[in-house]
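Student: input_39.tsv is the file, holding TSV, C-alpha atoms:
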```
chain	number	residue	atom	x	y	z
A	1	MET	CA	55.94	115.66	32.44
A	2	ASN	CA	59.13	113.83	31.52
A	3	LYS	CA	62.38	115.59	32.16
A	4	LYS	CA	64.75	115.96	29.22
A	5	ARG	CA	68.17	114.47	29.94
A	6	CYS	CA	71.49	114.17	28.19
A	7	ASN	CA	71.29	111.90	25.13
A	8	TRP	CA	73.47	109.19	26.68
A	9	VAL	CA	70.94	108.51	29.45
A	10	THR	CA	68.73	105.52	28.71
A	11	ASN	CA	65.44	104.84	30.48
A	12	ASP	CA	67.29	102.51	32.87
A	13	GLU	CA	66.57	103.69	36.43
A	14	VAL	CA	70.21	103.16	37.46
A	15	TYR	CA	71.38	105.51	34.69
A	16	ILE	CA	68.66	108.06	35.43
A	17	LYS	CA	69.50	108.17	39.15
A	18	TYR	CA	73.24	108.47	38.42
A	19	HIS	CA	72.68	111.26	35.89
A	20	ASP	CA	70.18	113.19	38.01
A	21	ASP	CA	71.88	112.87	41.40
A	22	GLU	CA	75.62	112.50	40.78
A	23	TRP	CA	77.06	113.04	37.33
A	24	GLY	CA	78.58	116.48	37.04
A	25	VAL	CA	77.84	117.39	40.67
A	26	PRO	CA	80.98	118.84	42.29
A	27	THR	CA	82.38	116.18	44.63
A	28	HIS	CA	84.81	117.05	47.41
A	29	ASP	CA	84.63	114.04	49.73
A	30	ASP	CA	87.83	111.96	49.48
A	31	ARG	CA	86.02	108.65	49.99
A	32	LYS	CA	83.64	109.44	47.13
A	33	LEU	CA	86.54	110.68	45.00
A	34	PHE	CA	88.34	107.38	45.62
A	35	GLU	CA	85.20	105.36	44.88
A	36	LEU	CA	84.67	107.06	41.54
A	37	LEU	CA	88.36	106.72	40.64
A	38	VAL	CA	88.17	102.97	41.30
A	39	LEU	CA	84.92	102.59	39.38
A	40	GLU	CA	86.21	104.60	36.42
A	41	SER	CA	89.35	102.45	36.26
A	42	PHE	CA	87.26	99.27	36.27
A	43	GLN	CA	85.10	100.72	33.49
A	44	ALA	CA	88.00	100.76	31.00
A	45	GLY	CA	86.86	98.72	27.99
A	46	LEU	CA	83.34	98.26	29.39
A	47	SER	CA	80.14	100.25	29.46
A	48	TRP	CA	79.45	102.58	32.36
A	49	ILE	CA	76.04	100.99	32.95
A	50	THR	CA	77.81	97.67	33.60
A	51	ILE	CA	79.80	99.32	36.38
A	52	LEU	CA	76.81	101.18	37.80
A	53	LYS	CA	74.80	97.97	38.03
A	54	LYS	CA	77.66	96.34	39.95
A	55	ARG	CA	78.35	99.38	42.11
A	56	GLU	CA	76.85	98.01	45.33
A	57	ASN	CA	78.83	94.80	44.86
A	58	PHE	CA	82.01	96.86	44.39
A	59	LYS	CA	81.16	98.85	47.51
A	60	LYS	CA	80.88	95.67	49.60
A	61	ALA	CA	83.88	93.99	48.00
A	62	PHE	CA	86.12	97.04	48.49
A	63	ASP	CA	85.13	97.76	52.10
A	64	ASP	CA	82.96	100.76	51.23
A	65	PHE	CA	85.96	102.25	49.41
A	66	ASP	CA	87.93	102.80	52.60
A	67	VAL	CA	91.20	103.84	50.99
A	68	VAL	CA	93.35	102.71	53.93
A	69	LYS	CA	91.80	99.24	53.95
A	70	VAL	CA	92.14	98.89	50.18
A	71	ALA	CA	95.76	100.08	50.29
A	72	ASN	CA	96.54	97.24	52.70
A	73	TYR	CA	94.93	94.40	50.74
A	74	GLY	CA	97.20	91.40	50.34
A	75	ASP	CA	97.27	88.35	48.09
A	76	ASP	CA	94.39	86.65	49.92
A	77	LYS	CA	92.11	89.63	49.33
A	78	VAL	CA	93.16	89.79	45.66
A	79	GLU	CA	92.12	86.14	45.28
A	80	GLU	CA	88.87	86.80	47.11
A	81	LEU	CA	88.12	89.66	44.70
A	82	ARG	CA	89.11	87.55	41.69
A	83	ASN	CA	86.48	85.02	42.78
A	84	ASN	CA	83.75	87.60	43.44
A	85	GLU	CA	81.20	87.21	40.66
A	86	GLY	CA	79.51	90.47	41.63
A	87	ILE	CA	82.38	92.65	40.39
A	88	ILE	CA	84.71	92.83	37.39
A	89	ARG	CA	87.31	90.17	38.20
A	90	HIS	CA	90.18	91.49	36.07
A	91	LYS	CA	93.35	90.87	38.07
A	92	GLY	CA	95.17	93.89	36.63
A	93	LYS	CA	92.31	96.21	37.58
A	94	ILE	CA	92.07	94.70	41.05
A	95	THR	CA	95.78	95.08	41.74
A	96	SER	CA	95.77	98.58	40.26
A	97	ALA	CA	92.95	99.57	42.66
A	98	ILE	CA	95.20	98.52	45.56
A	99	ASN	CA	98.21	100.28	44.08
A	100	ASN	CA	96.15	103.39	43.34
A	101	ALA	CA	94.87	103.44	46.94
A	102	GLN	CA	98.47	103.57	48.13
A	103	VAL	CA	99.25	106.46	45.77
A	104	PHE	CA	95.98	108.18	46.72
A	105	ILE	CA	97.10	108.15	50.38
A	106	GLU	CA	100.48	109.63	49.41
A	107	ILE	CA	98.68	112.41	47.53
A	108	GLN	CA	96.48	113.04	50.59
A	109	LYS	CA	99.59	113.38	52.72
A	110	GLU	CA	101.20	115.78	50.27
A	111	TYR	CA	98.13	117.97	49.60
A	112	GLY	CA	96.10	117.54	52.79
A	113	SER	CA	93.38	115.76	50.80
A	114	PHE	CA	92.90	114.23	47.38
A	115	ASP	CA	90.22	116.86	46.89
A	116	ASN	CA	92.84	119.63	47.19
A	117	TYR	CA	95.01	117.82	44.65
A	118	ILE	CA	92.41	117.05	41.97
A	119	TRP	CA	90.49	120.33	42.19
A	120	GLY	CA	93.78	122.23	42.29
A	121	PHE	CA	94.21	121.56	38.58
A	122	THR	CA	91.37	124.04	37.91
A	123	ASN	CA	91.79	126.20	41.02
A	124	GLY	CA	88.42	124.85	42.14
A	125	ASN	CA	86.69	126.02	38.98
A	126	ILE	CA	84.21	123.97	36.95
A	127	ILE	CA	84.85	123.60	33.23
A	128	LYS	CA	81.67	123.96	31.20
A	129	SER	CA	80.60	121.75	28.33
A	130	GLU	CA	83.51	120.49	26.27
A	131	TYR	CA	81.91	117.26	24.93
A	132	LEU	CA	85.23	115.49	24.41
A	133	THR	CA	86.64	112.12	25.42
A	134	GLU	CA	89.94	113.62	26.58
A	135	SER	CA	91.49	117.06	26.89
A	136	GLU	CA	94.79	118.75	27.61
A	137	LEU	CA	93.73	118.83	31.26
A	138	SER	CA	92.91	115.12	31.39
A	139	LYS	CA	96.25	114.41	29.71
A	140	ALA	CA	98.08	116.52	32.30
A	141	ILE	CA	96.32	114.89	35.25
A	142	SER	CA	96.82	111.42	33.77
A	143	LYS	CA	100.51	112.11	33.26
A	144	ASP	CA	100.91	113.34	36.83
A	145	LEU	CA	99.02	110.39	38.32
A	146	LYS	CA	101.06	107.93	36.26
A	147	LYS	CA	104.27	109.65	37.32
A	148	ARG	CA	103.15	109.11	40.91
A	149	GLY	CA	102.58	105.42	40.15
A	150	MET	CA	98.86	105.08	39.45
A	151	LYS	CA	97.60	102.66	36.82
A	152	PHE	CA	94.45	102.55	34.64
A	153	VAL	CA	94.34	106.36	34.69
A	154	GLY	CA	94.74	107.22	31.02
A	155	PRO	CA	93.48	110.55	29.64
A	156	THR	CA	90.09	109.14	28.60
A	157	ILE	CA	89.47	107.56	32.01
A	158	ILE	CA	90.52	110.78	33.74
A	159	TYR	CA	88.29	112.86	31.46
A	160	SER	CA	85.34	110.65	32.37
A	161	TYR	CA	86.38	110.87	36.03
A	162	MET	CA	86.41	114.69	35.84
A	163	GLU	CA	82.86	114.57	34.45
A	164	ALA	CA	81.77	112.20	37.21
A	165	ILE	CA	83.15	114.38	40.02
A	166	GLY	CA	81.91	117.65	38.54
A	167	ILE	CA	85.17	119.27	37.45
A	168	ILE	CA	83.71	119.15	33.95
A	169	ASP	CA	80.02	119.94	33.51
A	170	ASN	CA	78.99	118.33	30.25
A	171	HIS	CA	75.23	118.32	30.60
A	172	GLN	CA	73.79	118.98	27.16
A	173	GLU	CA	71.67	122.05	26.46
A	174	ILE	CA	68.56	119.89	26.11
A	175	CYS	CA	69.09	118.52	29.63
A	176	PHE	CA	67.22	119.86	32.64
A	177	MET	CA	70.56	119.82	34.50
A	178	PHE	CA	72.20	122.16	31.96
A	179	GLN	CA	73.18	125.48	33.47
A	180	ARG	CA	74.95	128.32	31.76
```
Would you mind writing the structure in this file as structure tokens?
Tutor:
Amino acid sequence: MNKKRCNWVTNDEVYIKYHDDEWGVPTHDDRKLFELLVLESFQAGLSWITILKKRENFKKAFDDFDVVKVANYGDDKVEELRNNEGIIRHKGKITSAINNAQVFIEIQKEYGSFDNYIWGFTNGNIIKSEYLTESELSKAISKDLKKRGMKFVGPTIIYSYMEAIGIIDNHQEICFMFQR
């Protein structure tokens, strides 16, 4: 018997695995939180499936999303990434990933972890089914991250990020993952 999934899920195995195993699952590991933040920022203007299909390449290119390593990338690494055909080679997104890693580390120092920071916006609570592309919460988080110096973290990207890390549970009622 086929499982019913959210309408956005195609029959692509990469999408199915992401939807079934990750999307909307509360994430508290800082490395995973950084990975998804980087991937969401690279997704701007592109489809999510494009990013998911390049995810392993991103993982290798960005040292398994080790935030300290990424924060210390220099010009040589930027050029290496710009020449890596396995990832999105947009210079602004590459340099913003490095910049955002530096800000991410500052947030970790201030809050003890990025997890404490990002989940603190909802006091650890999950927001159920809004079906939006941005919200007052995503605008507030985006504004705070930008004030701290992050780039490619607009309200729509942050909304999608909150869905990815499980702060927002937007599984549709038809979906086997939907829980009231």
Student: Enter the distance from CA of Phe176 in chain A to CA of Leu36 in chain A, in Å, rounded to one decimal.
Tutor: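 According to the coordinates, CA of Phe176 in chain A and CA of Leu36 in chain A are separated by 23.4 Å.
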Student: From the list A:Val67, A:Ile168, A:Leu37, A:Val14, which residue is nearest Ile49 in chain A when using only C-alpha atoms?
Tutor: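 Looking only at the distances to Ile49 in chain A, the closest residue turns out to be A:Val14.
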Student: Taking 2 positions as the minimum chain separation for residues in the same chain, which residues sit within 10 Å of Gly149 in chain A when counting all atoms listed in the file? Answer as a PyMOL selection string.
Tutor: chain A and resi 96+99-100+102-104+143-147+151+153
Student: So which residues touch range 32-34 of chain A within 12 Å, counting only C-alpha atoms, skipping near sequence neighbours fewer than 6 positions away, as number ranges by chain?
Tutor: A: 22, 25-26, 40-41, 59, 62, 64-68, 70-71, 97-98, 100-105, 107-108, 113-119, 158, 161-167
Student: CA of Phe178 in chain A to CA of Gly124 in chain A: how many Å, to one decimal?
Tutor: 19.3 Å
Student: Complete the atom set of range 151-180 of chain A to N, CA and C atoms and return it as a PDB file, in the frame of the given file.
Tutor:
```
ATOM      1  N   LYS A 151      97.833 103.439  38.031  1.00  0.00           N
ATOM      2  CA  LYS A 151      97.600 102.660  36.820  1.00  0.00           C
ATOM      3  C   LYS A 151      96.114 102.746  36.438  1.00  0.00           C
ATOM      4  N   PHE A 152      95.813 102.458  35.173  1.00  0.00           N
ATOM      5  CA  PHE A 152      94.450 102.550  34.640  1.00  0.00           C
ATOM      6  C   PHE A 152      93.896 103.959  34.846  1.00  0.00           C
ATOM      7  N   VAL A 153      94.735 104.948  34.569  1.00  0.00           N
ATOM      8  CA  VAL A 153      94.340 106.360  34.690  1.00  0.00           C
ATOM      9  C   VAL A 153      94.744 107.126  33.432  1.00  0.00           C
ATOM     10  N   GLY A 154      94.439 106.544  32.277  1.00  0.00           N
ATOM     11  CA  GLY A 154      94.740 107.220  31.020  1.00  0.00           C
ATOM     12  C   GLY A 154      93.887 108.463  30.848  1.00  0.00           C
ATOM     13  N   PRO A 155      94.196 109.288  29.850  1.00  0.00           N
ATOM     14  CA  PRO A 155      93.480 110.550  29.640  1.00  0.00           C
ATOM     15  C   PRO A 155      91.973 110.405  29.451  1.00  0.00           C
ATOM     16  N   THR A 156      91.526 109.332  28.803  1.00  0.00           N
ATOM     17  CA  THR A 156      90.090 109.140  28.600  1.00  0.00           C
ATOM     18  C   THR A 156      89.406 108.788  29.918  1.00  0.00           C
ATOM     19  N   ILE A 157      90.021 107.902  30.698  1.00  0.00           N
ATOM     20  CA  ILE A 157      89.470 107.560  32.010  1.00  0.00           C
ATOM     21  C   ILE A 157      89.424 108.797  32.904  1.00  0.00           C
ATOM     22  N   ILE A 158      90.481 109.574  32.894  1.00  0.00           N
ATOM     23  CA  ILE A 158      90.520 110.780  33.740  1.00  0.00           C
ATOM     24  C   ILE A 158      89.506 111.811  33.262  1.00  0.00           C
ATOM     25  N   TYR A 159      89.308 111.930  31.954  1.00  0.00           N
ATOM     26  CA  TYR A 159      88.290 112.860  31.460  1.00  0.00           C
ATOM     27  C   TYR A 159      86.909 112.457  31.990  1.00  0.00           C
ATOM     28  N   SER A 160      86.604 111.164  31.880  1.00  0.00           N
ATOM     29  CA  SER A 160      85.340 110.650  32.370  1.00  0.00           C
ATOM     30  C   SER A 160      85.220 110.852  33.887  1.00  0.00           C
ATOM     31  N   TYR A 161      86.330 110.652  34.583  1.00  0.00           N
ATOM     32  CA  TYR A 161      86.380 110.870  36.030  1.00  0.00           C
ATOM     33  C   TYR A 161      86.072 112.337  36.351  1.00  0.00           C
ATOM     34  N   MET A 162      86.658 113.267  35.605  1.00  0.00           N
ATOM     35  CA  MET A 162      86.410 114.690  35.840  1.00  0.00           C
ATOM     36  C   MET A 162      84.941 115.041  35.616  1.00  0.00           C
ATOM     37  N   GLU A 163      84.295 114.374  34.648  1.00  0.00           N
ATOM     38  CA  GLU A 163      82.860 114.570  34.450  1.00  0.00           C
ATOM     39  C   GLU A 163      82.086 114.031  35.650  1.00  0.00           C
ATOM     40  N   ALA A 164      82.474 112.843  36.097  1.00  0.00           N
ATOM     41  CA  ALA A 164      81.770 112.200  37.210  1.00  0.00           C
ATOM     42  C   ALA A 164      81.829 113.022  38.486  1.00  0.00           C
ATOM     43  N   ILE A 165      82.978 113.643  38.753  1.00  0.00           N
ATOM     44  CA  ILE A 165      83.150 114.380  40.020  1.00  0.00           C
ATOM     45  C   ILE A 165      82.826 115.866  39.887  1.00  0.00           C
ATOM     46  N   GLY A 166      82.389 116.291  38.712  1.00  0.00           N
ATOM     47  CA  GLY A 166      81.910 117.650  38.540  1.00  0.00           C
ATOM     48  C   GLY A 166      82.936 118.698  38.161  1.00  0.00           C
ATOM     49  N   ILE A 167      84.184 118.292  37.932  1.00  0.00           N
ATOM     50  CA  ILE A 167      85.170 119.270  37.450  1.00  0.00           C
ATOM     51  C   ILE A 167      84.770 119.729  36.057  1.00  0.00           C
ATOM     52  N   ILE A 168      84.235 118.809  35.271  1.00  0.00           N
ATOM     53  CA  ILE A 168      83.710 119.150  33.950  1.00  0.00           C
ATOM     54  C   ILE A 168      82.204 118.968  33.980  1.00  0.00           C
ATOM     55  N   ASP A 169      81.478 119.994  33.590  1.00  0.00           N
ATOM     56  CA  ASP A 169      80.020 119.940  33.510  1.00  0.00           C
ATOM     57  C   ASP A 169      79.656 119.805  32.039  1.00  0.00           C
ATOM     58  N   ASN A 170      79.309 118.593  31.645  1.00  0.00           N
ATOM     59  CA  ASN A 170      78.990 118.330  30.250  1.00  0.00           C
ATOM     60  C   ASN A 170      77.522 118.011  30.016  1.00  0.00           C
ATOM     61  N   HIS A 171      76.647 118.512  30.872  1.00  0.00           N
ATOM     62  CA  HIS A 171      75.230 118.320  30.600  1.00  0.00           C
ATOM     63  C   HIS A 171      74.889 119.061  29.304  1.00  0.00           C
ATOM     64  N   GLN A 172      74.143 118.400  28.452  1.00  0.00           N
ATOM     65  CA  GLN A 172      73.790 118.980  27.160  1.00  0.00           C
ATOM     66  C   GLN A 172      72.712 120.053  27.332  1.00  0.00           C
ATOM     67  N   GLU A 173      72.629 120.943  26.366  1.00  0.00           N
ATOM     68  CA  GLU A 173      71.670 122.050  26.460  1.00  0.00           C
ATOM     69  C   GLU A 173      70.230 121.581  26.579  1.00  0.00           C
ATOM     70  N   ILE A 174      69.928 120.416  26.027  1.00  0.00           N
ATOM     71  CA  ILE A 174      68.560 119.890  26.110  1.00  0.00           C
ATOM     72  C   ILE A 174      68.225 119.365  27.499  1.00  0.00           C
ATOM     73  N   CYS A 175      69.239 119.173  28.322  1.00  0.00           N
ATOM     74  CA  CYS A 175      69.090 118.520  29.630  1.00  0.00           C
ATOM     75  C   CYS A 175      68.611 119.497  30.690  1.00  0.00           C
ATOM     76  N   PHE A 176      67.706 119.028  31.552  1.00  0.00           N
ATOM     77  CA  PHE A 176      67.220 119.860  32.640  1.00  0.00           C
ATOM     78  C   PHE A 176      68.325 120.252  33.611  1.00  0.00           C
ATOM     79  N   MET A 177      69.441 119.521  33.609  1.00  0.00           N
ATOM     80  CA  MET A 177      70.560 119.820  34.500  1.00  0.00           C
ATOM     81  C   MET A 177      71.510 120.876  33.887  1.00  0.00           C
ATOM     82  N   PHE A 178      71.313 121.198  32.631  1.00  0.00           N
ATOM     83  CA  PHE A 178      72.200 122.160  31.960  1.00  0.00           C
ATOM     84  C   PHE A 178      72.037 123.533  32.585  1.00  0.00           C
ATOM     85  N   GLN A 179      73.192 124.120  32.916  1.00  0.00           N
ATOM     86  CA  GLN A 179      73.180 125.480  33.470  1.00  0.00           C
ATOM     87  C   GLN A 179      74.264 126.279  32.762  1.00  0.00           C
ATOM     88  N   ARG A 180      73.946 127.448  32.402  1.00  0.00           N
ATOM     89  CA  ARG A 180      74.950 128.320  31.760  1.00  0.00           C
ATOM     90  C   ARG A 180      75.737 129.048  32.805  1.00  0.00           C
TER      91      ARG A 180
END
```
